[in-house]
$ cat data-v6.cif   # mmCIF, C-alpha atoms
data_structure
loop_
_atom_site.label_atom_id
_atom_site.label_comp_id
_atom_site.auth_asym_id
_atom_site.auth_seq_id
_atom_site.Cartn_x
_atom_site.Cartn_y
_atom_site.Cartn_z
CA MET U 986 -8.85 -6.10 -12.75
CA THR U 987 -12.42 -7.40 -12.76
CA ASP U 988 -11.91 -10.93 -11.45
CA PHE U 989 -14.82 -12.04 -9.26
CA ILE U 990 -12.89 -14.70 -7.32
CA LEU U 991 -9.97 -12.33 -6.70
CA LYS U 992 -12.25 -9.62 -5.32
CA ARG U 993 -14.14 -11.98 -3.02
CA MET U 994 -10.94 -13.59 -1.75
CA VAL U 995 -9.30 -10.22 -1.10
CA SER U 996 -12.33 -8.87 0.77
CA LEU U 997 -12.35 -12.09 2.82
CA VAL U 998 -8.64 -12.09 3.68
CA LEU U 999 -7.88 -8.36 4.09
CA PRO U 1000 -9.44 -7.87 7.58
CA PHE U 1001 -7.27 -10.68 8.92
CA VAL U 1002 -4.18 -9.21 7.26
CA GLN U 1003 -4.89 -5.87 8.94
CA MET U 1004 -5.44 -7.59 12.29
CA LEU U 1005 -2.09 -9.37 11.88
CA GLY U 1006 -0.36 -6.10 11.07
CA LEU U 1007 -1.78 -4.37 14.15
CA TYR U 1008 -0.95 -7.44 16.26
CA VAL U 1009 2.68 -7.36 15.10
CA ILE U 1010 2.86 -3.61 15.83
CA PHE U 1011 1.37 -3.89 19.31
CA HIS U 1012 3.41 -6.94 20.33
CA GLY U 1013 6.68 -5.53 19.01
CA HIS U 1014 8.34 -5.62 22.42
CA LEU U 1015 7.12 -9.13 23.30
CA SER U 1016 7.41 -11.26 20.16
CA PRO U 1017 9.31 -11.22 16.84
CA GLY U 1018 8.39 -8.36 14.58
CA GLY U 1019 7.87 -4.74 15.46
CA SER U 1020 6.83 -1.42 14.06
CA PHE U 1021 8.57 -1.83 10.69
CA SER U 1022 7.26 -5.31 9.87
CA GLY U 1023 3.79 -4.59 11.24
CA GLY U 1024 3.61 -1.26 9.42
CA ILE U 1025 4.55 -2.91 6.14
CA ILE U 1026 1.89 -5.62 6.62
CA THR U 1027 -0.75 -2.97 7.41
CA GLY U 1028 0.33 -0.89 4.41
CA LEU U 1029 0.28 -3.97 2.17
CA SER U 1030 -3.37 -4.61 3.05
CA LEU U 1031 -4.30 -1.10 1.87
CA ILE U 1032 -2.13 -1.49 -1.26
CA ALA U 1033 -3.74 -4.85 -2.09
CA PHE U 1034 -7.18 -3.23 -1.82
CA SER U 1035 -6.37 -0.46 -4.29
CA LEU U 1036 -4.56 -2.94 -6.57
CA VAL U 1037 -7.58 -5.25 -6.84
CA PHE U 1038 -10.50 -2.80 -6.61
CA GLY U 1039 -8.86 0.04 -8.51
CA LEU U 1040 -7.01 3.17 -7.45
CA GLU U 1041 -10.17 5.31 -7.29
CA ARG U 1042 -11.94 3.11 -4.72
CA GLY U 1043 -8.74 2.84 -2.73
CA GLN U 1044 -8.48 6.64 -2.69
CA GLU U 1045 -12.09 6.79 -1.45
CA LYS U 1046 -11.14 4.63 1.54
CA VAL U 1047 -7.94 6.48 2.43
CA SER U 1048 -7.20 9.65 0.51
CA GLU U 1049 -3.67 10.78 -0.31
CA ARG U 1050 -4.05 13.88 1.90
CA MET U 1051 -5.07 11.74 4.87
CA MET U 1052 -2.08 9.46 4.26
CA SER U 1053 0.35 12.39 4.29
CA LEU U 1054 -1.31 13.71 7.48
CA VAL U 1055 -0.91 10.30 9.15
CA GLU U 1056 2.70 10.17 7.96
CA SER U 1057 3.52 13.53 9.55
CA PHE U 1058 1.59 12.56 12.67
CA GLY U 1059 3.74 9.43 13.10
CA ALA U 1060 6.99 11.40 13.03
CA LEU U 1061 5.63 14.12 15.34
CA TRP U 1062 4.27 11.46 17.70
CA TYR U 1063 7.75 9.92 17.98
CA GLY U 1064 9.22 13.32 18.78
CA ALA U 1065 6.50 14.05 21.34
CA MET U 1066 7.14 10.73 23.08
CA GLY U 1067 10.83 11.60 23.17
CA LEU U 1068 10.05 14.99 24.71
CA VAL U 1069 8.37 13.27 27.67
CA GLY U 1070 11.84 12.47 29.01
CA ILE U 1071 13.04 16.06 28.58
CA LEU U 1072 9.91 17.50 30.23
CA ARG U 1073 10.47 15.20 33.20
CA GLY U 1074 14.00 16.54 33.60
CA THR U 1075 16.01 13.69 32.05
CA THR U 1076 17.32 12.97 28.55
CA PHE U 1077 15.50 12.50 25.20
CA LEU U 1078 13.47 9.22 24.92
CA MET U 1079 14.09 8.34 28.58
CA ASN U 1080 11.61 5.67 29.59
CA LYS U 1081 11.83 4.32 33.13
CA GLY U 1082 14.16 7.02 34.38
CA ALA U 1083 11.51 9.64 33.60
CA GLY U 1084 9.03 7.97 35.92
CA VAL U 1085 6.90 6.15 33.33
CA PRO U 1086 5.23 3.09 34.93
CA LEU U 1087 6.54 -0.08 33.27
CA GLY U 1088 3.80 -2.62 34.09
CA ALA U 1089 4.11 -6.35 34.65
CA PRO U 1090 6.69 -8.25 32.55
CA GLY U 1091 5.20 -10.44 29.83
CA LYS U 1092 1.92 -8.50 29.65
CA LEU U 1093 0.96 -6.26 26.72
CA TYR U 1094 1.67 -3.08 28.68
CA SER U 1095 5.16 -3.90 29.91
CA GLY U 1096 7.44 -1.46 28.16
CA GLY U 1097 6.35 1.99 29.29
CA LEU U 1098 6.57 4.33 26.31
CA ILE U 1099 7.75 1.61 23.88
CA LEU U 1100 4.19 0.63 22.93
CA LEU U 1101 3.23 4.23 22.06
CA ILE U 1102 6.47 4.87 20.13
CA THR U 1103 5.99 1.63 18.18
CA LEU U 1104 2.44 2.65 17.30
CA GLY U 1105 3.68 5.96 15.86
CA VAL U 1106 6.44 4.33 13.82
CA GLY U 1107 4.03 1.67 12.54
CA LEU U 1108 1.55 4.32 11.35
CA LYS U 1109 4.36 6.19 9.60
CA VAL U 1110 5.70 3.10 7.82
CA ALA U 1111 2.22 2.01 6.68
CA SER U 1112 1.28 5.43 5.31
CA THR U 1113 4.69 5.84 3.63
CA MET U 1114 4.24 2.54 1.78
CA VAL U 1115 0.77 3.56 0.58
CA THR U 1116 2.04 6.99 -0.54
CA LEU U 1117 4.91 5.34 -2.43
CA PHE U 1118 2.51 2.96 -4.17
CA VAL U 1119 0.05 5.72 -5.12
CA ALA U 1120 2.89 7.84 -6.53
CA LEU U 1121 4.08 4.90 -8.65
CA MET U 1122 0.57 4.09 -9.89
CA GLU U 1123 -0.21 7.70 -10.81
CA GLU U 1124 2.94 7.79 -12.93
CA GLU U 1125 1.31 5.16 -15.11
CA GLU U 1126 -1.53 7.46 -16.16
CA MET P 1442 16.31 -31.15 14.95
CA HIS P 1443 19.30 -33.35 14.12
CA PRO P 1444 22.39 -31.19 13.39
CA TYR P 1445 23.04 -32.93 10.07
CA MET P 1446 19.48 -32.19 9.01
CA ALA P 1447 19.95 -28.46 9.58
CA ASP P 1448 23.13 -28.61 7.49
CA ALA P 1449 21.37 -30.50 4.71
CA LEU P 1450 18.48 -28.00 4.70
CA ASN P 1451 20.99 -25.15 4.63
CA ILE P 1452 22.75 -26.64 1.60
CA VAL P 1453 19.43 -27.18 -0.21
CA PHE P 1454 18.25 -23.62 0.49
CA LEU P 1455 21.57 -22.00 -0.41
CA SER P 1456 21.87 -23.88 -3.71
CA PHE P 1457 18.27 -22.95 -4.55
CA LEU P 1458 19.20 -19.34 -3.73
CA VAL P 1459 22.07 -19.45 -6.25
CA VAL P 1460 19.84 -21.02 -8.91
CA VAL P 1461 17.11 -18.39 -8.45
CA ALA P 1462 19.60 -15.50 -8.37
CA ILE P 1463 21.11 -16.64 -11.69
CA ALA P 1464 17.67 -17.29 -13.18
CA VAL P 1465 16.54 -13.70 -12.43
CA SER P 1466 19.19 -12.32 -14.76
CA TYR P 1467 18.21 -14.66 -17.61
CA VAL P 1468 14.47 -13.92 -17.59
CA LYS P 1469 13.38 -11.33 -20.17
CA ASP P 1470 9.93 -10.36 -18.82
CA LEU P 1471 10.08 -8.03 -15.81
CA LEU P 1472 7.01 -9.60 -14.17
CA TYR P 1473 8.64 -13.04 -14.19
CA ALA P 1474 11.78 -11.49 -12.73
CA ALA P 1475 9.70 -9.96 -9.90
CA ILE P 1476 8.11 -13.35 -9.16
CA LEU P 1477 11.55 -15.00 -9.11
CA LEU P 1478 12.74 -12.29 -6.72
CA GLY P 1479 9.80 -13.26 -4.48
CA ALA P 1480 11.03 -16.87 -4.53
CA TYR P 1481 14.50 -15.59 -3.59
CA SER P 1482 13.01 -13.71 -0.62
CA VAL P 1483 11.05 -16.78 0.53
CA THR P 1484 14.26 -18.81 0.53
CA ILE P 1485 16.15 -16.15 2.49
CA ALA P 1486 13.29 -15.94 5.01
CA LEU P 1487 13.47 -19.71 5.49
CA ILE P 1488 17.24 -19.47 6.00
CA TRP P 1489 16.76 -16.75 8.64
CA LEU P 1490 14.22 -19.00 10.38
CA LEU P 1491 16.68 -21.91 10.27
CA MET P 1492 19.34 -19.69 11.83
CA SER P 1493 16.83 -18.90 14.65
CA ALA P 1494 16.27 -15.27 13.70
CA PRO P 1495 12.45 -15.10 13.46
CA ASP P 1496 12.52 -11.30 13.73
CA LEU P 1497 14.49 -11.02 10.49
CA ALA P 1498 12.34 -13.73 8.92
CA ILE P 1499 9.16 -11.70 9.54
CA THR P 1500 10.75 -8.52 8.20
CA GLU P 1501 12.07 -10.36 5.14
CA ALA P 1502 8.65 -11.95 4.54
CA ALA P 1503 6.86 -8.59 4.76
CA ALA P 1504 9.40 -6.32 3.04
CA GLY P 1505 11.06 -8.73 0.61
CA ILE P 1506 8.15 -10.87 -0.51
CA GLY P 1507 5.36 -8.34 -0.21
CA MET P 1508 6.79 -4.90 -0.81
CA THR P 1509 9.65 -5.48 -3.25
CA THR P 1510 7.70 -7.88 -5.43
CA LEU P 1511 4.71 -5.54 -5.53
CA MET P 1512 6.79 -2.46 -6.31
CA ILE P 1513 8.68 -4.18 -9.13
CA ALA P 1514 5.41 -5.63 -10.45
CA VAL P 1515 3.94 -2.11 -10.55
CA ILE P 1516 7.06 -0.74 -12.26
CA SER P 1517 6.94 -3.54 -14.85
CA LYS P 1518 3.25 -2.73 -15.42
CA ILE P 1519 4.18 0.88 -16.14
CA GLY P 1520 6.13 -0.42 -19.11
CA ARG P 1521 9.86 -0.22 -18.48
CA LYS P 1522 10.31 -3.59 -20.15
CA GLY P 1523 13.64 -5.12 -21.05
CA GLU P 1524 14.17 -6.12 -24.66
#

$ encode --input "data-v6.cif" --output "structure tokens"
Amino acid sequence: MTDFILKRMVSLVLPFVQMLGLYVIFHGHLSPGGSFSGGIITGLSLIAFSLVFGLERGQEKVSERMMSLVESFGALWYGAMGLVGILRGTTFLMNKGAGVPLGAPGKLYSGGLILLITLGVGLKVASTMVTLFVALMEEEE
Amino acid sequence: MHPYMADALNIVFLSFLVVVAIAVSYVKDLLYAAILLGAYSVTIALIWLLMSAPDLAITEAAAGIGMTTLMIAVISKIGRKGE
């Protein structure tokens, strides 16, 4: 696609879409939304970029290898956060019982490990969506 | 909101849902079908919001409107067109 208006509009809107996605991920335990919705919004911003500017420029921004690395990192991060409970002598994914400070209710840091777990899941969902899209687009050629 | 108004909105949304769902199966071009599916997802997201489930509404808006429509649009671009 070589539409001038489309390109300008997308480059204007995409930073805000990415901010919204990260906001939904980080406020998953306070407001509606969470890692899945926020990850999809973040992945959609990357997909929209490579859909409008072409697959090559999208691959320059985030390569397929980097996306698969981020995807594996998200899953491993979730497992590592779960191991915190076991290393502290309690069960898998234990949060307060393992001695993690919870913070003040209503603030951004108020869920202990939940924020970090949500970040990992959000990264995994976003990179999975981009990988799926790239695989579908490469089938076309 | 007045309780009758919520009922009226529900009836409007649900009948629109039925109309769109039937229309998807009658459209020949896959791109038009994907756009109609997006309209279906918008209606369902509004219904979730009306039933005070904003969490589901956000997920439906992101996954249903964004992801499904985009994926089907890409598949229809590849060329698996119906006759």

$ closest_atom_pairs --input "data-v6.cif" --of "chain P" --to "chain U" --cutoff "10 Å" --atoms "only C-alpha atoms" --output "JSON lines"
{"residue": "P:Ala1494", "atom": "CA", "partner": "U:Pro1017", "partner_atom": "CA", "distance": 8.6}
{"residue": "P:Pro1495", "atom": "CA", "partner": "U:Pro1017", "partner_atom": "CA", "distance": 6.0}
{"residue": "P:Asp1496", "atom": "CA", "partner": "U:Pro1017", "partner_atom": "CA", "distance": 4.5}
{"residue": "P:Leu1497", "atom": "CA", "partner": "U:Gly1018", "partner_atom": "CA", "distance": 7.8}
{"residue": "P:Ala1498", "atom": "CA", "partner": "U:Gly1018", "partner_atom": "CA", "distance": 8.7}
{"residue": "P:Ile1499", "atom": "CA", "partner": "U:Gly1018", "partner_atom": "CA", "distance": 6.1}
{"residue": "P:Thr1500", "atom": "CA", "partner": "U:Ser1022", "partner_atom": "CA", "distance": 5.0}
{"residue": "P:Glu1501", "atom": "CA", "partner": "U:Ser1022", "partner_atom": "CA", "distance": 8.4}
{"residue": "P:Ala1502", "atom": "CA", "partner": "U:Ser1022", "partner_atom": "CA", "distance": 8.6}
{"residue": "P:Ala1503", "atom": "CA", "partner": "U:Ile1026", "partner_atom": "CA", "distance": 6.1}
{"residue": "P:Ala1504", "atom": "CA", "partner": "U:Ile1025", "partner_atom": "CA", "distance": 6.7}
{"residue": "P:Gly1507", "atom": "CA", "partner": "U:Leu1029", "partner_atom": "CA", "distance": 7.1}
{"residue": "P:Met1508", "atom": "CA", "partner": "U:Leu1029", "partner_atom": "CA", "distance": 7.2}
{"residue": "P:Leu1511", "atom": "CA", "partner": "U:Phe1118", "partner_atom": "CA", "distance": 8.9}
{"residue": "P:Met1512", "atom": "CA", "partner": "U:Phe1118", "partner_atom": "CA", "distance": 7.2}
{"residue": "P:Val1515", "atom": "CA", "partner": "U:Met1122", "partner_atom": "CA", "distance": 7.1}
{"residue": "P:Ile1516", "atom": "CA", "partner": "U:Leu1121", "partner_atom": "CA", "distance": 7.3}
{"residue": "P:Lys1518", "atom": "CA", "partner": "U:Glu1125", "partner_atom": "CA", "distance": 8.1}
{"residue": "P:Ile1519", "atom": "CA", "partner": "U:Glu1125", "partner_atom": "CA", "distance": 5.3}
{"residue": "P:Gly1520", "atom": "CA", "partner": "U:Glu1125", "partner_atom": "CA", "distance": 8.4}

$ write_last_selection --input "data-v6.cif" --atoms "C-alpha atoms" --output "PDB file, in the coordinates of the input"
ATOM      1  CA  ALA P1494      16.270 -15.270  13.700  1.00  0.00           C
ATOM      2  CA  PRO P1495      12.450 -15.100  13.460  1.00  0.00           C
ATOM      3  CA  ASP P1496      12.520 -11.300  13.730  1.00  0.00           C
ATOM      4  CA  LEU P1497      14.490 -11.020  10.490  1.00  0.00           C
ATOM      5  CA  ALA P1498      12.340 -13.730   8.920  1.00  0.00           C
ATOM      6  CA  ILE P1499       9.160 -11.700   9.540  1.00  0.00           C
ATOM      7  CA  THR P1500      10.750  -8.520   8.200  1.00  0.00           C
ATOM      8  CA  GLU P1501      12.070 -10.360   5.140  1.00  0.00           C
ATOM      9  CA  ALA P1502       8.650 -11.950   4.540  1.00  0.00           C
ATOM     10  CA  ALA P1503       6.860  -8.590   4.760  1.00  0.00           C
ATOM     11  CA  ALA P1504       9.400  -6.320   3.040  1.00  0.00           C
ATOM     12  CA  GLY P1507       5.360  -8.340  -0.210  1.00  0.00           C
ATOM     13  CA  MET P1508       6.790  -4.900  -0.810  1.00  0.00           C
ATOM     14  CA  LEU P1511       4.710  -5.540  -5.530  1.00  0.00           C
ATOM     15  CA  MET P1512       6.790  -2.460  -6.310  1.00  0.00           C
ATOM     16  CA  VAL P1515       3.940  -2.110 -10.550  1.00  0.00           C
ATOM     17  CA  ILE P1516       7.060  -0.740 -12.260  1.00  0.00           C
ATOM     18  CA  LYS P1518       3.250  -2.730 -15.420  1.00  0.00           C
ATOM     19  CA  ILE P1519       4.180   0.880 -16.140  1.00  0.00           C
ATOM     20  CA  GLY P1520       6.130  -0.420 -19.110  1.00  0.00           C
TER      21      GLY P1520
END

$ resolve_selection --input "data-v6.cif" --expression "the PyMOL selection byres ((chain U and resi 1064-1069) around 9)" --output "ChimeraX atom specification"
/U:1059-1063,1070-1080,1083,1098,1101-1102

$ write_last_selection --input "data-v6.cif" --atoms "C-alpha atoms" --output "PDB file, in the frame of the given file"
ATOM      1  CA  GLY U1059       3.740   9.430  13.100  1.00  0.00           C
ATOM      2  CA  ALA U1060       6.990  11.400  13.030  1.00  0.00           C
ATOM      3  CA  LEU U1061       5.630  14.120  15.340  1.00  0.00           C
ATOM      4  CA  TRP U1062       4.270  11.460  17.700  1.00  0.00           C
ATOM      5  CA  TYR U1063       7.750   9.920  17.980  1.00  0.00           C
ATOM      6  CA  GLY U1070      11.840  12.470  29.010  1.00  0.00           C
ATOM      7  CA  ILE U1071      13.040  16.060  28.580  1.00  0.00           C
ATOM      8  CA  LEU U1072       9.910  17.500  30.230  1.00  0.00           C
ATOM      9  CA  ARG U1073      10.470  15.200  33.200  1.00  0.00           C
ATOM     10  CA  GLY U1074      14.000  16.540  33.600  1.00  0.00           C
ATOM     11  CA  THR U1075      16.010  13.690  32.050  1.00  0.00           C
ATOM     12  CA  THR U1076      17.320  12.970  28.550  1.00  0.00           C
ATOM     13  CA  PHE U1077      15.500  12.500  25.200  1.00  0.00           C
ATOM     14  CA  LEU U1078      13.470   9.220  24.920  1.00  0.00           C
ATOM     15  CA  MET U1079      14.090   8.340  28.580  1.00  0.00           C
ATOM     16  CA  ASN U1080      11.610   5.670  29.590  1.00  0.00           C
ATOM     17  CA  ALA U1083      11.510   9.640  33.600  1.00  0.00           C
ATOM     18  CA  LEU U1098       6.570   4.330  26.310  1.00  0.00           C
ATOM     19  CA  LEU U1101       3.230   4.230  22.060  1.00  0.00           C
ATOM     20  CA  ILE U1102       6.470   4.870  20.130  1.00  0.00           C
TER      21      ILE U1102
END

$ resolve_selection --input "data-v6.cif" --expression "the PyMOL selection byres ((chain P and resi 1476) around 10)" --output "list in words"
Val1465, Leu1471, Leu1472, Tyr1473, Ala1474, Ala1475, Leu1477, Leu1478, Gly1479, Ala1480, Tyr1481, Ser1482, Ile1506, Thr1509, Thr1510, Leu1511, Ile1513 and Ala1514 of chain P

$ atom_distance --input "data-v6.cif" --atom1 "atom CA of Glu1041 of chain U" --atom2 "atom CA of Ala1120 of chain U"
13.3 Å

$ atom_distance --input "data-v6.cif" --atom1 "atom CA of Phe1011 of chain U" --atom2 "atom CA of Val995 of chain U"
23.9 Å

$ residues_around --input "data-v6.cif" --residues "Phe1038 of chain U" --least-positions-apart "4" --cutoff "12 Å" --atoms "only C-alpha atoms" --output "JSON, numbers by chain"
{"U": [986, 987, 988, 989, 991, 992, 993, 994, 995, 996, 1031, 1032, 1033, 1034, 1042, 1043, 1044, 1045, 1046]}

$ atom_distance --input "data-v6.cif" --atom1 "atom CA of Ser1112 of chain U" --atom2 "atom CA of Glu1056 of chain U"
5.6 Å

$ resolve_selection --input "data-v6.cif" --expression "the PyMOL selection byres ((chain U and resi 1052) around 10)" --output "compact mmCIF listing (two decimals) with C-alpha atoms, keeping the file's coordinate frame"
# COMPACT_ATOMS: atom_id res chain seq x y z
CA GLN U 1044 -8.48 6.64 -2.69
CA VAL U 1047 -7.94 6.48 2.43
CA SER U 1048 -7.20 9.65 0.51
CA GLU U 1049 -3.67 10.78 -0.31
CA ARG U 1050 -4.05 13.88 1.90
CA MET U 1051 -5.07 11.74 4.87
CA SER U 1053 0.35 12.39 4.29
CA LEU U 1054 -1.31 13.71 7.48
CA VAL U 1055 -0.91 10.30 9.15
CA GLU U 1056 2.70 10.17 7.96
CA SER U 1057 3.52 13.53 9.55
CA PHE U 1058 1.59 12.56 12.67
CA LEU U 1108 1.55 4.32 11.35
CA LYS U 1109 4.36 6.19 9.60
CA ALA U 1111 2.22 2.01 6.68
CA SER U 1112 1.28 5.43 5.31
CA THR U 1113 4.69 5.84 3.63
CA MET U 1114 4.24 2.54 1.78
CA VAL U 1115 0.77 3.56 0.58
CA THR U 1116 2.04 6.99 -0.54

$ residues_around --input "data-v6.cif" --residues "Asn1451 of chain P" --least-positions-apart "3" --cutoff "8 Å" --atoms "only C-alpha atoms" --output "list in words"
Ala1447, Asp1448, Phe1454, Leu1455, Ile1488 and Leu1491 of chain P

$ closest_residue --input "data-v6.cif" --among "U:Gly1107, U:Ser1020, U:His1014, U:Leu1040" --to "Lys1092 of chain U" --atoms "all atoms listed in the file"
U:His1014

$ decode --input "data-v6.cif" --residues "segment 993-1013 of chain U" --atoms "C-alpha atoms" --output "tab-separated table (two decimals), in the first residue's frame"
chain	number	residue	atom	x	y	z
U	993	ARG	CA	0.74	9.59	8.05
U	994	MET	CA	-2.31	8.63	10.09
U	995	VAL	CA	-0.78	5.31	11.15
U	996	SER	CA	2.51	6.92	12.19
U	997	LEU	CA	0.49	9.50	14.15
U	998	VAL	CA	-1.78	7.00	15.93
U	999	LEU	CA	0.56	4.03	16.53
U	1000	PRO	CA	2.52	5.49	19.51
U	1001	PHE	CA	-0.74	6.08	21.35
U	1002	VAL	CA	-1.95	2.56	20.54
U	1003	GLN	CA	1.28	1.14	21.98
U	1004	MET	CA	0.92	3.33	25.08
U	1005	LEU	CA	-2.65	2.06	25.53
U	1006	GLY	CA	-1.49	-1.54	25.20
U	1007	LEU	CA	1.24	-1.10	27.82
U	1008	TYR	CA	-1.21	0.77	30.06
U	1009	VAL	CA	-3.72	-2.10	29.87
U	1010	ILE	CA	-0.94	-4.61	30.63
U	1011	PHE	CA	0.42	-2.70	33.62
U	1012	HIS	CA	-2.99	-1.91	35.11
U	1013	GLY	CA	-4.31	-5.44	34.67
